[in-house]
>>> print(open('upload_29.txt').read())   # compact mmCIF, C-alpha atoms and all ligand atoms
# COMPACT_ATOMS: atom_id res chain seq x y z
CA MET O 1 284.57 111.89 -6.34
CA ARG O 2 284.69 111.34 -2.62
CA GLU O 3 280.90 111.14 -2.45
CA HIS O 4 281.05 108.64 -5.25
CA ILE O 5 283.34 106.28 -3.38
CA GLU O 6 281.64 106.82 -0.08
CA SER O 7 278.25 105.97 -1.55
CA ARG O 8 279.75 103.03 -3.35
CA MET O 9 281.14 101.84 -0.05
CA LYS O 10 277.93 102.43 1.78
CA ALA O 11 276.18 100.33 -0.83
CA TYR O 12 278.85 97.65 -0.50
CA PHE O 13 278.46 97.43 3.23
CA GLU O 14 274.69 97.93 2.97
CA VAL O 15 274.71 100.37 5.81
CA HIS O 16 272.50 103.15 6.86
CA LYS O 17 273.92 106.50 7.83
CA HIS O 18 273.59 105.49 11.45
CA ASN O 19 275.99 102.55 11.16
CA TRP O 20 278.57 104.46 9.15
CA GLU O 21 278.83 106.84 12.06
CA ASP O 22 279.11 104.13 14.67
CA TRP O 23 282.77 103.71 15.58
CA ARG O 24 282.39 100.09 16.57
CA TRP O 25 280.77 99.36 13.23
CA GLN O 26 283.67 101.12 11.47
CA LEU O 27 286.19 99.04 13.39
CA SER O 28 284.45 95.74 12.86
CA HIS O 29 284.34 96.48 9.13
CA SER O 30 287.98 97.50 8.83
CA ILE O 31 289.50 96.58 5.50
CA THR O 32 292.33 94.08 5.82
CA GLU O 33 292.52 92.57 2.32
CA LEU O 34 293.83 94.05 -0.91
CA SER O 35 290.95 92.49 -2.83
CA THR O 36 288.46 94.50 -0.76
CA VAL O 37 290.41 97.67 -1.52
CA GLU O 38 290.33 96.87 -5.23
CA SER O 39 286.67 96.20 -5.19
CA LEU O 40 285.73 99.26 -3.12
CA LEU O 41 287.88 101.69 -5.06
CA ASP O 42 287.02 99.99 -8.33
CA ILE O 43 290.68 99.58 -9.27
CA THR O 44 292.95 96.66 -10.19
CA PHE O 45 296.53 96.57 -8.98
CA ASP O 46 299.23 95.51 -11.40
CA PRO O 47 299.63 91.72 -10.78
CA LYS O 48 303.39 91.95 -10.12
CA GLU O 49 302.97 94.92 -7.81
CA ARG O 50 300.08 93.20 -6.09
CA LYS O 51 302.16 90.12 -5.34
CA LEU O 52 304.82 92.28 -3.69
CA MET O 53 302.16 94.15 -1.75
CA GLU O 54 300.85 90.82 -0.46
CA GLN O 55 304.36 89.89 0.67
CA THR O 56 304.61 93.21 2.49
CA LEU O 57 301.40 92.46 4.32
CA GLU O 58 302.81 89.21 5.66
CA LYS O 59 305.29 91.29 7.60
CA PHE O 60 303.30 94.46 8.23
CA PRO O 61 299.53 93.86 8.19
CA LEU O 62 296.82 96.04 6.68
CA SER O 63 293.91 97.63 8.47
CA ILE O 64 291.95 100.66 7.26
CA THR O 65 288.65 102.02 8.50
CA PRO O 66 285.98 102.29 5.81
CA TYR O 67 285.84 106.03 6.60
CA TYR O 68 289.55 106.63 5.95
CA LEU O 69 289.51 104.50 2.80
CA SER O 70 286.62 106.59 1.50
CA LEU O 71 288.93 109.64 1.45
CA ILE O 72 291.15 108.15 -1.27
CA GLN O 73 290.78 109.77 -4.66
CA ARG O 74 290.91 106.83 -6.99
CA ASP O 75 291.87 108.65 -10.20
CA ASP O 76 295.49 109.04 -9.15
CA TYR O 77 295.46 106.66 -6.21
CA ALA O 78 299.15 105.75 -6.43
CA ASN O 79 300.09 109.35 -5.53
CA ASP O 80 297.24 109.88 -3.13
CA PRO O 81 298.38 110.96 0.37
CA ILE O 82 295.63 108.92 2.04
CA PHE O 83 296.44 105.84 -0.04
CA ARG O 84 300.14 106.15 0.74
CA GLN O 85 299.54 106.35 4.48
CA ALA O 86 297.16 103.39 4.47
CA LEU O 87 298.29 100.94 1.79
CA PRO O 88 301.54 99.01 1.60
CA SER O 89 304.43 99.76 -0.70
CA PRO O 90 306.74 96.91 -1.70
CA ARG O 91 309.52 99.25 -0.61
CA GLU O 92 308.64 98.50 3.01
CA LEU O 93 310.46 95.20 2.56
CA GLN O 94 313.77 96.88 1.76
CA VAL O 95 315.58 96.77 5.08
CA GLN O 96 318.47 99.21 5.28
CA ARG O 97 321.58 98.77 7.35
CA GLU O 98 320.70 101.72 9.56
CA ASP O 99 317.13 100.58 10.18
CA LEU O 100 316.37 99.74 13.77
CA GLN O 101 313.63 97.56 15.23
CA ASP O 102 313.24 99.82 18.24
CA PRO O 103 314.75 103.09 16.98
CA LEU O 104 313.83 105.07 20.05
CA ALA O 105 314.99 102.38 22.49
CA GLU O 106 311.62 102.55 24.21
CA GLU O 107 312.06 99.09 25.63
CA ILE O 108 315.32 99.98 27.38
CA ASP O 109 313.84 103.01 29.13
CA SER O 110 311.01 100.92 30.54
CA PRO O 111 310.95 100.47 34.34
CA VAL O 112 307.75 98.39 34.26
CA SER O 113 305.74 96.90 31.43
CA GLY O 114 303.88 99.57 29.45
CA VAL O 115 305.85 102.54 30.82
CA THR O 116 308.60 104.48 29.02
CA HIS O 117 310.33 106.85 31.42
CA ARG O 118 312.92 108.86 29.52
CA TYR O 119 312.57 112.45 30.66
CA PRO O 120 312.80 113.49 34.30
CA ASP O 121 309.25 114.73 34.84
CA ARG O 122 307.04 112.86 32.37
CA VAL O 123 306.25 109.33 31.24
CA LEU O 124 304.62 107.51 28.38
CA LEU O 125 302.01 104.97 29.47
CA ASN O 126 300.90 102.47 26.83
CA VAL O 127 297.30 101.74 27.64
CA ASN O 128 296.29 99.89 24.52
CA GLY O 129 298.00 97.85 21.81
CA THR O 130 295.62 98.53 18.95
CA CYS O 131 294.98 101.30 16.44
CA ALA O 132 292.00 102.21 14.27
CA MET O 133 294.19 102.27 11.18
CA TYR O 134 297.64 100.80 10.70
CA CYS O 135 299.67 103.76 9.42
CA ARG O 136 302.31 102.58 6.98
CA HIS O 137 304.71 105.09 8.57
CA CYS O 138 304.22 103.86 12.14
CA THR O 139 307.39 104.16 14.20
CA ARG O 140 306.29 101.13 16.23
CA LYS O 141 305.78 99.22 12.99
CA ARG O 142 307.38 96.06 14.28
CA LYS O 143 304.57 95.76 16.80
CA VAL O 144 301.63 96.66 14.59
CA GLY O 145 299.01 93.93 14.55
CA GLU O 146 301.19 91.74 16.72
CA VAL O 147 299.90 92.80 20.09
CA ASP O 148 296.32 93.64 19.27
CA HIS O 149 295.39 93.22 22.87
CA ILE O 150 294.04 95.44 25.58
CA PRO O 151 296.27 95.23 28.67
CA GLU O 152 294.51 93.81 31.69
CA ARG O 153 293.76 96.03 34.64
CA GLU O 154 296.51 94.36 36.67
CA GLU O 155 299.10 95.20 34.00
CA LEU O 156 297.95 98.81 33.85
CA LEU O 157 297.97 99.05 37.62
CA GLU O 158 301.68 98.22 37.61
CA GLY O 159 302.26 101.32 35.49
CA VAL O 160 299.97 103.40 37.66
CA GLU O 161 301.79 102.21 40.79
CA TYR O 162 305.13 103.16 39.22
CA ILE O 163 303.82 106.68 38.62
CA ARG O 164 302.41 106.81 42.14
CA ARG O 165 305.75 105.98 43.75
CA THR O 166 307.73 108.36 41.48
CA PRO O 167 306.94 111.90 42.67
CA ALA O 168 309.08 113.52 39.95
CA ILE O 169 306.41 112.61 37.37
CA ARG O 170 304.05 115.52 36.82
CA ASP O 171 302.92 114.78 33.25
CA VAL O 172 301.54 111.43 32.04
CA LEU O 173 301.12 110.71 28.33
CA LEU O 174 298.63 108.01 27.44
CA SER O 175 299.75 106.33 24.28
CA GLY O 176 299.73 102.94 22.62
CA GLY O 177 298.29 102.03 20.17
CA ASP O 178 295.44 104.44 20.41
CA PRO O 179 293.95 105.13 23.87
CA PHE O 180 290.63 106.17 22.31
CA LEU O 181 290.06 102.65 21.02
CA LEU O 182 289.43 101.60 24.58
CA PRO O 183 285.83 101.36 25.71
CA ASP O 184 284.62 104.48 27.53
CA GLU O 185 284.44 102.69 30.88
CA ARG O 186 288.05 101.49 30.67
CA LEU O 187 289.32 104.94 29.73
CA ASP O 188 287.29 106.47 32.54
CA TRP O 189 288.86 103.98 34.97
CA ILE O 190 292.44 104.69 33.79
CA LEU O 191 291.94 108.46 33.96
CA ALA O 192 290.48 108.15 37.45
CA GLN O 193 293.48 106.10 38.58
CA ILE O 194 296.03 108.54 37.21
CA SER O 195 294.31 111.73 38.28
CA SER O 196 294.07 110.39 41.83
CA ILE O 197 297.87 110.69 42.07
CA SER O 198 298.54 114.04 43.71
CA HIS O 199 301.83 114.83 41.96
CA VAL O 200 300.40 114.32 38.45
CA GLU O 201 299.57 117.80 37.17
CA VAL O 202 298.57 117.05 33.57
CA ILE O 203 297.44 114.10 31.50
CA ARG O 204 298.03 113.97 27.77
CA ILE O 205 296.42 111.62 25.27
CA GLY O 206 297.87 110.88 21.83
CA THR O 207 295.25 109.69 19.35
CA ARG O 208 294.72 109.46 15.62
CA THR O 209 291.00 108.82 15.89
CA PRO O 210 289.91 112.35 14.85
CA VAL O 211 291.71 111.63 11.54
CA VAL O 212 290.96 107.98 10.85
CA LEU O 213 287.86 107.31 12.95
CA PRO O 214 286.28 110.69 13.75
CA CYS O 215 282.98 109.19 14.90
CA ARG O 216 284.88 107.85 17.93
CA ILE O 217 284.74 111.37 19.38
CA THR O 218 281.31 111.04 20.91
CA ASP O 219 279.55 113.27 23.42
CA GLY O 220 280.02 110.48 25.95
CA LEU O 221 283.79 110.39 25.43
CA THR O 222 284.03 114.17 25.72
CA ARG O 223 282.03 114.06 28.97
CA ILE O 224 284.53 111.59 30.42
CA LEU O 225 287.54 113.69 29.43
CA ARG O 226 286.00 116.79 30.97
CA LYS O 227 285.96 115.12 34.37
CA TYR O 228 289.74 114.85 34.47
CA GLN O 229 290.90 118.28 33.35
CA PRO O 230 293.59 119.33 32.62
CA ILE O 231 293.77 116.82 29.78
CA TRP O 232 295.56 117.75 26.59
CA VAL O 233 294.72 115.78 23.46
CA ASN O 234 297.30 115.50 20.72
CA THR O 235 296.13 114.28 17.37
CA HIS O 236 297.96 113.32 14.19
CA PHE O 237 296.99 115.10 10.98
CA ASN O 238 299.61 114.82 8.24
CA HIS O 239 297.88 116.28 5.21
CA PRO O 240 295.24 118.93 4.42
CA ARG O 241 293.13 116.27 2.72
CA GLU O 242 292.50 114.70 6.12
CA PHE O 243 290.29 117.66 7.00
CA THR O 244 286.70 116.65 6.25
CA PRO O 245 283.35 117.63 7.69
CA SER O 246 283.61 114.57 9.96
CA SER O 247 287.13 115.22 11.27
CA LYS O 248 286.29 118.88 11.81
CA ALA O 249 283.18 117.90 13.75
CA ALA O 250 285.26 115.57 15.95
CA ILE O 251 287.74 118.32 16.76
CA ARG O 252 284.96 120.80 17.37
CA LYS O 253 283.43 118.47 19.95
CA LEU O 254 286.72 118.24 21.85
CA ALA O 255 287.42 121.97 21.62
CA ASP O 256 283.87 122.86 22.69
CA GLY O 257 284.36 120.47 25.60
CA GLY O 258 287.25 122.66 26.72
CA ILE O 259 289.97 120.19 25.83
CA PRO O 260 293.16 121.90 24.60
CA LEU O 261 294.26 120.34 21.31
CA GLY O 262 297.67 119.85 19.71
CA ASN O 263 298.83 118.08 16.60
CA GLN O 264 301.88 115.99 15.85
CA SER O 265 302.70 115.42 12.18
CA VAL O 266 305.38 113.28 10.63
CA LEU O 267 307.36 114.60 7.70
CA LEU O 268 306.83 111.97 4.98
CA ALA O 269 308.43 111.77 1.54
CA GLY O 270 305.83 111.75 -1.20
CA ILE O 271 303.06 112.76 1.20
CA ASN O 272 303.73 116.12 2.85
CA ASP O 273 307.40 116.97 2.17
CA CYS O 274 306.47 120.35 0.73
CA PRO O 275 306.39 123.76 2.44
CA ARG O 276 303.08 124.61 0.78
CA ILE O 277 301.37 121.44 1.96
CA ILE O 278 302.60 121.91 5.52
CA LYS O 279 301.63 125.57 5.53
CA ARG O 280 298.13 124.69 4.34
CA LEU O 281 298.00 121.95 6.99
CA VAL O 282 298.99 124.23 9.89
CA HIS O 283 296.51 126.87 8.75
CA LEU O 284 293.72 124.31 8.74
CA LEU O 285 294.81 123.15 12.19
CA VAL O 286 294.67 126.57 13.84
CA LYS O 287 291.45 127.42 12.01
CA ASN O 288 290.00 124.36 13.69
CA ARG O 289 291.46 125.26 17.10
CA VAL O 290 294.31 122.75 17.04
CA ARG O 291 297.77 124.06 17.86
CA PRO O 292 300.53 122.53 15.69
CA TYR O 293 302.89 120.99 18.25
CA TYR O 294 305.56 118.85 16.62
CA LEU O 295 306.67 118.12 13.09
CA TYR O 296 308.67 114.90 13.38
CA GLN O 297 311.59 113.85 11.28
CA CYS O 298 310.74 110.28 10.19
CA ASP O 299 312.32 107.66 12.47
CA LEU O 300 314.83 104.99 11.45
CA SER O 301 312.31 102.18 11.88
CA GLU O 302 312.44 99.12 9.70
CA GLY O 303 310.30 99.51 6.58
CA LEU O 304 310.21 103.31 6.63
CA GLU O 305 313.20 104.09 4.40
CA HIS O 306 310.99 105.20 1.50
CA PHE O 307 309.21 107.71 3.75
CA ARG O 308 312.38 109.35 5.04
CA THR O 309 313.48 112.81 3.88
CA PRO O 310 316.80 114.51 4.62
CA ILE O 311 316.66 116.61 7.80
CA GLY O 312 317.31 119.56 5.49
CA LYS O 313 313.78 119.22 4.11
CA GLY O 314 312.39 119.89 7.57
CA ILE O 315 314.66 122.90 8.08
CA GLU O 316 313.57 124.21 4.68
CA ILE O 317 309.92 123.86 5.70
CA MET O 318 310.60 125.75 8.95
CA GLU O 319 312.27 128.49 6.91
CA TYR O 320 309.01 128.84 4.95
CA LEU O 321 306.95 129.07 8.13
CA VAL O 322 308.96 131.26 10.53
CA GLY O 323 307.93 134.88 9.98
CA HIS O 324 305.92 133.98 6.91
CA THR O 325 302.94 132.89 8.96
CA SER O 326 301.51 133.17 12.48
CA GLY O 327 303.90 132.05 15.19
CA PHE O 328 301.29 129.88 16.87
CA ALA O 329 300.68 128.04 13.58
CA ARG O 330 304.27 126.86 13.60
CA PRO O 331 305.17 123.44 15.00
CA THR O 332 308.56 122.62 16.47
CA PHE O 333 310.56 120.47 14.07
CA VAL O 334 312.11 117.59 16.04
CA VAL O 335 314.36 114.62 15.44
CA ASP O 336 313.81 111.80 17.89
CA ALA O 337 317.40 110.74 18.59
CA PRO O 338 318.05 107.13 17.58
CA GLY O 339 319.09 105.11 20.61
CA GLY O 340 316.68 106.90 22.92
CA GLY O 341 318.22 110.36 23.32
CA GLY O 342 314.80 111.97 23.09
CA LYS O 343 313.57 114.78 20.88
CA ILE O 344 316.01 117.30 19.48
CA PRO O 345 314.47 120.55 18.18
CA LEU O 346 315.90 122.02 14.98
CA MET O 347 315.54 125.45 13.38
CA PRO O 348 317.21 127.39 10.61
CA ASN O 349 320.01 129.62 11.92
CA TYR O 350 319.02 133.18 12.74
CA ILE O 351 322.19 134.23 14.60
CA ILE O 352 324.79 135.47 12.12
CA SER O 353 327.45 136.62 14.53
CA TRP O 354 328.08 137.82 18.06
CA SER O 355 330.43 140.09 19.96
CA GLY O 356 330.74 141.24 23.57
CA ASN O 357 328.07 143.86 23.09
CA LYS O 358 326.18 143.09 19.89
CA VAL O 359 324.36 140.21 18.27
CA VAL O 360 323.94 140.18 14.49
CA LEU O 361 320.69 138.55 13.46
CA ARG O 362 318.80 137.99 10.25
CA ASN O 363 315.04 137.87 9.85
CA TYR O 364 312.81 135.78 7.56
CA GLU O 365 313.15 138.32 4.73
CA GLY O 366 316.93 138.22 4.83
CA VAL O 367 317.19 141.58 6.56
CA ILE O 368 320.35 141.67 8.66
CA THR O 369 320.03 143.52 11.92
CA THR O 370 321.92 144.11 15.16
CA TYR O 371 320.77 143.83 18.71
CA GLN O 372 322.71 145.96 21.14
CA GLU O 373 323.22 144.00 24.38
CA PRO O 374 322.37 146.00 27.53
CA ALA O 375 325.35 147.87 28.95
CA ASN O 376 324.30 147.65 32.56
CA TYR O 377 322.96 144.14 32.96
CA ARG O 378 324.62 142.59 35.96
CA THR O 379 324.63 138.83 35.80
CA VAL O 380 323.53 137.55 39.16
CA GLU O 381 325.54 134.66 40.45
CA CYS O 382 323.08 131.95 41.30
CA ASN O 383 323.99 129.84 44.30
CA ASP O 384 320.91 127.63 44.02
CA ASP O 385 319.38 129.13 47.12
CA CYS O 386 316.06 130.74 46.24
CA ASP O 387 315.58 131.93 49.81
CA GLN O 388 318.55 134.27 49.39
CA CYS O 389 317.41 135.54 45.98
CA THR O 390 315.69 138.84 45.23
CA LEU O 391 313.52 137.33 42.50
CA PRO O 392 310.26 136.69 44.33
CA LEU O 393 309.70 133.03 43.48
CA LYS O 394 309.83 130.96 46.60
CA LEU O 395 310.13 127.46 45.26
CA ASP O 396 309.35 124.44 47.31
CA LYS O 397 312.64 122.51 47.36
CA ALA O 398 310.86 119.34 46.30
CA MET O 399 309.84 120.95 43.03
CA GLU O 400 313.34 121.74 41.93
CA THR O 401 315.14 119.39 39.63
CA GLN O 402 318.76 118.48 39.29
CA ASN O 403 320.60 120.29 36.52
CA GLN O 404 321.56 118.01 33.67
CA GLY O 405 323.44 118.31 30.42
CA ILE O 406 324.25 121.81 29.23
CA THR O 407 322.26 123.39 32.06
CA GLN O 408 324.73 121.74 34.42
CA LEU O 409 327.64 123.35 32.56
CA LEU O 410 325.87 126.71 32.73
CA ALA O 411 325.06 126.56 36.44
CA ASP O 412 327.19 128.92 38.56
CA TYR O 413 327.10 126.64 41.57
CA ASP O 414 328.20 123.50 39.72
CA ASP O 415 331.92 122.84 39.29
CA THR O 416 331.59 120.69 36.17
CA ILE O 417 333.51 122.38 33.36
CA SER O 418 333.29 119.81 30.57
CA PHE O 419 331.78 116.54 29.44
CA THR O 420 333.90 113.88 27.78
CA PRO O 421 332.56 110.83 25.91
CA GLU O 422 333.15 107.58 27.77
CA ASN O 423 335.47 106.05 25.17
CA ASN O 424 337.61 109.10 24.61
CA GLU O 425 341.09 107.88 23.54
CA ARG O 426 342.92 110.85 24.98
CA MET O 427 341.41 110.22 28.41
CA LYS O 428 342.29 106.53 28.19
CA LYS O 429 345.90 107.46 27.41
CA ARG O 430 345.97 109.78 30.39
CA ASP O 431 344.76 106.92 32.57
CA ARG O 432 347.47 104.60 31.19
CA TRP O 433 350.21 107.17 31.73
CA GLY O 434 348.92 107.77 35.22
CA ASP O 435 349.21 104.02 35.93
CA GLN O 436 352.82 103.94 34.73
CA GLU O 437 353.81 106.80 36.98
CA SER O 438 352.45 105.20 40.12
C1 LIG T 501 307.84 112.40 23.10
C2 LIG T 501 307.98 111.75 24.39
C3 LIG T 501 307.57 112.36 25.57
C4 LIG T 501 306.94 113.74 25.59
O1 LIG T 501 307.81 114.69 25.14
P1 LIG T 501 307.37 116.21 25.09
O2 LIG T 501 308.50 116.90 24.40
O3 LIG T 501 307.17 116.63 26.51
O4 LIG T 501 306.10 116.27 24.32
C5 LIG T 501 307.75 111.69 26.75
N1 LIG T 501 308.33 110.48 26.78
C6 LIG T 501 308.76 109.86 25.67
C7 LIG T 501 309.42 108.54 25.78
C8 LIG T 501 308.60 110.47 24.43
O5 LIG T 501 309.03 109.85 23.33
>>> encode(input="upload_29.txt", output="structure tokens")
Amino acid sequence: MREHIESRMKAYFEVHKHNWEDWRWQLSHSITELSTVESLLDITFDPKERKLMEQTLEKFPLSITPYYLSLIQRDDYANDPIFRQALPSPRELQVQREDLQDPLAEEIDSPVSGVTHRYPDRVLLNVNGTCAMYCRHCTRKRKVGEVDHIPEREELLEGVEYIRRTPAIRDVLLSGGDPFLLPDERLDWILAQISSISHVEVIRIGTRTPVVLPCRITDGLTRILRKYQPIWVNTHFNHPREFTPSSKAAIRKLADGGIPLGNQSVLLAGINDCPRIIKRLVHLLVKNRVRPYYLYQCDLSEGLEHFRTPIGKGIEIMEYLVGHTSGFARPTFVVDAPGGGGKIPLMPNYIISWSGNKVVLRNYEGVITTYQEPANYRTVECNDDCDQCTLPLKLDKAMETQNQGITQLLADYDDTISFTPENNERMKKRDRWGDQES
């Protein structure tokens, strides 16, 4: 079936094999109209449905590479996982009360244009506004198609300068948009800029091109990446059907080039919200040398309501993976906290109970077991002075970071005993009573 559509498409575009595998050709022939989809897949949308789909596109535009469109199985296209990720649903127009335009508050945590600095030691650098395919589940949906521009060098240099003058940053994530849509020379230039900063230890690149535009992974691109090791590439496979000879070849090129690979999936209702699908997906990933990294709970972005599952679905999927399959095939299930709190990892509960000397645990089979705590473990009081410590790690002071959050409560040398929310009524009362007394 796939061959059928692909050959039909090749005929439509009158291309030779060579062009089909040219990423610039793919991009310049991206499908942006429903009528082209109908004609290429040889289908006709229901007129009422079609009208609503058109309305959806006025708000959230359409763009699909010929390659990705060719993966749709037309017989049951409405339920097809490729179709659902690429083509609009009228349900995108249903805005819910809880939907947020910028659910992760990325614009608040932005010191300079293009940089999101949320965590102490790493930043997100947006190097490009465009994507090869407009995913219907994009968390930055409000921006899709709106800023299809490549930032100028000057704009990028502002971000680079921010990183240069912030020594706490040791990990830089190139994001966007899709960094791999940049021309090779531009990417080479950005990587050279960032890797010239002495405190940057790793660069990461998030890209969906191996999935939606695999021919982008050329030998030339891989050669550039190799110059700036360590570079980690994170890709975005959501469904086993996205594994094709082309996407596997793209990954193979990166892996053979010595680039460590990870994958971030999004849990999507009606697409991959099934333990079997995810298990098949993670097996395909590790078989192709990609380590499953994150499984994301779908964000509260506008137009994504119909893709959202309960968090419980993600926990259920983790229950099916932990113990049942290889540990390194298991992603971390995370919820990106609305309002910009960052990623929160979630797991089923394995601790059943706890006493002074025993922990009661359960395993994946439901076996309940006990772990006897050591009788003679002496907790060492840490006074935050590694020079006085018997553990032989002599840390450079500059590399240590301030304790925050629960680690601050745990620290022996920190006097903080509790955290109280800012608007706590009880504390306000205390303040008022205190005022009366004085
Ligand atoms: C996800 C994310 C990161 C990277 O987080 P890791 O857990 O280190 O992969 C960094 N900055 C922002 C703003 C993010 O959303």
>>> residues_around(input="upload_29.txt", residues="stretch 121-138 of chain O", least_positions_apart="6", cutoff="6 Å", atoms="all atoms listed in the file", output="PyMOL selection string")
chain O and resi 63-64+85-86+114-115+147-150+168-179
>>> residues_near_ligand(input="upload_29.txt", ligand="ligand LIG 501 (chain T)", cutoff="10 Å", atoms="all atoms listed in the file", output="count of residues only")
37
>>> closest_residue(input="upload_29.txt", among="O:Gly159, O:Glu38, O:Ile231, O:Thr32", to="O:Gly145", atoms="all atoms listed in the file")
O:Thr32
>>> atom_distance(input="upload_29.txt", atom1="atom CA of O:Lys313", atom2="atom CA of O:Pro81")
17.9 Å
>>> residues_around(input="upload_29.txt", residues="O:Cys215", least_positions_apart="3", cutoff="10 Å", atoms="all atoms listed in the file", output="ChimeraX atom specification")
/O:20-24,26,67,209-212,218,246-247,249-250
>>> residues_near_point(input="upload_29.txt", point="(287.3, 105.8, 20.2)", cutoff="7 Å", atoms="all atoms listed in the file", output="list of chain:residue names")
O:Trp23, O:Phe180, O:Leu181, O:Leu182, O:Thr209, O:Arg216, O:Ile217
>>> atom_distance(input="upload_29.txt", atom1="atom CA of O:Phe307", atom2="atom CA of O:Ala269")
4.7 Å
>>> closest_residue(input="upload_29.txt", among="O:Ile351, O:Asp184, O:Ile197, O:Lys10", to="O:Arg165", atoms="all atoms listed in the file")
O:Ile197
>>> atom_distance(input="upload_29.txt", atom1="atom CA of O:Gly257", atom2="atom CA of O:Leu221")
10.1 Å
>>> closest_residue(input="upload_29.txt", among="O:Glu316, O:Glu365, O:Asp99, O:Asp387", to="O:Arg142", atoms="all atoms listed in the file")
O:Asp99
>>> residues_around(input="upload_29.txt", residues="O:Gln402", least_positions_apart="4", cutoff="12 Å", atoms="all atoms listed in the file", output="number ranges by chain")
O: 120-121, 168, 384, 397-398, 406-408, 411, 413-414
>>> axis_aligned_box(input="upload_29.txt", around="stretch 346-356 of chain O", padding_each_side="6 Å", output="AutoDock Vina command-line options")
--center_x 323.1 --center_y 131.6 --center_z 17.1 --size_x 27.2 --size_y 31.2 --size_z 25.0
>>> build_atoms(input="upload_29.txt", residues="stretch 244-256 of chain O", atoms="N, CA, C and O atoms", output="PDB file, in the coordinates of the input")
ATOM      1  N   THR O 244     287.992 116.916   6.884  1.00  0.00           N
ATOM      2  CA  THR O 244     286.700 116.650   6.250  1.00  0.00           C
ATOM      3  C   THR O 244     285.638 117.147   7.209  1.00  0.00           C
ATOM      4  O   THR O 244     285.942 117.441   8.370  1.00  0.00           O
ATOM      5  N   PRO O 245     284.401 117.230   6.752  1.00  0.00           N
ATOM      6  CA  PRO O 245     283.350 117.630   7.690  1.00  0.00           C
ATOM      7  C   PRO O 245     283.353 116.750   8.941  1.00  0.00           C
ATOM      8  O   PRO O 245     283.171 117.242  10.058  1.00  0.00           O
ATOM      9  N   SER O 246     283.634 115.460   8.792  1.00  0.00           N
ATOM     10  CA  SER O 246     283.610 114.570   9.960  1.00  0.00           C
ATOM     11  C   SER O 246     284.773 114.841  10.905  1.00  0.00           C
ATOM     12  O   SER O 246     284.597 114.886  12.127  1.00  0.00           O
ATOM     13  N   SER O 247     285.992 115.000  10.360  1.00  0.00           N
ATOM     14  CA  SER O 247     287.130 115.220  11.270  1.00  0.00           C
ATOM     15  C   SER O 247     287.004 116.595  11.932  1.00  0.00           C
ATOM     16  O   SER O 247     287.347 116.752  13.107  1.00  0.00           O
ATOM     17  N   LYS O 248     286.479 117.556  11.208  1.00  0.00           N
ATOM     18  CA  LYS O 248     286.290 118.880  11.810  1.00  0.00           C
ATOM     19  C   LYS O 248     285.256 118.819  12.927  1.00  0.00           C
ATOM     20  O   LYS O 248     285.420 119.458  13.972  1.00  0.00           O
ATOM     21  N   ALA O 249     284.215 118.023  12.723  1.00  0.00           N
ATOM     22  CA  ALA O 249     283.180 117.900  13.750  1.00  0.00           C
ATOM     23  C   ALA O 249     283.766 117.241  15.007  1.00  0.00           C
ATOM     24  O   ALA O 249     283.441 117.634  16.133  1.00  0.00           O
ATOM     25  N   ALA O 250     284.654 116.257  14.806  1.00  0.00           N
ATOM     26  CA  ALA O 250     285.260 115.570  15.950  1.00  0.00           C
ATOM     27  C   ALA O 250     286.100 116.544  16.769  1.00  0.00           C
ATOM     28  O   ALA O 250     286.008 116.612  18.000  1.00  0.00           O
ATOM     29  N   ILE O 251     286.894 117.344  16.079  1.00  0.00           N
ATOM     30  CA  ILE O 251     287.740 118.320  16.760  1.00  0.00           C
ATOM     31  C   ILE O 251     286.892 119.371  17.468  1.00  0.00           C
ATOM     32  O   ILE O 251     287.196 119.786  18.586  1.00  0.00           O
ATOM     33  N   ARG O 252     285.829 119.770  16.793  1.00  0.00           N
ATOM     34  CA  ARG O 252     284.960 120.800  17.370  1.00  0.00           C
ATOM     35  C   ARG O 252     284.386 120.311  18.696  1.00  0.00           C
ATOM     36  O   ARG O 252     284.324 121.048  19.679  1.00  0.00           O
ATOM     37  N   LYS O 253     284.003 119.034  18.730  1.00  0.00           N
ATOM     38  CA  LYS O 253     283.430 118.470  19.950  1.00  0.00           C
ATOM     39  C   LYS O 253     284.441 118.565  21.099  1.00  0.00           C
ATOM     40  O   LYS O 253     284.098 118.966  22.211  1.00  0.00           O
ATOM     41  N   LEU O 254     285.686 118.204  20.805  1.00  0.00           N
ATOM     42  CA  LEU O 254     286.720 118.240  21.850  1.00  0.00           C
ATOM     43  C   LEU O 254     286.985 119.681  22.280  1.00  0.00           C
ATOM     44  O   LEU O 254     287.060 119.988  23.475  1.00  0.00           O
ATOM     45  N   ALA O 255     287.112 120.571  21.307  1.00  0.00           N
ATOM     46  CA  ALA O 255     287.420 121.970  21.620  1.00  0.00           C
ATOM     47  C   ALA O 255     286.261 122.597  22.395  1.00  0.00           C
ATOM     48  O   ALA O 255     286.469 123.297  23.392  1.00  0.00           O
ATOM     49  N   ASP O 256     285.035 122.336  21.973  1.00  0.00           N
ATOM     50  CA  ASP O 256     283.870 122.860  22.690  1.00  0.00           C
ATOM     51  C   ASP O 256     283.794 122.292  24.103  1.00  0.00           C
ATOM     52  O   ASP O 256     283.271 122.934  25.010  1.00  0.00           O
TER      53      ASP O 256
END
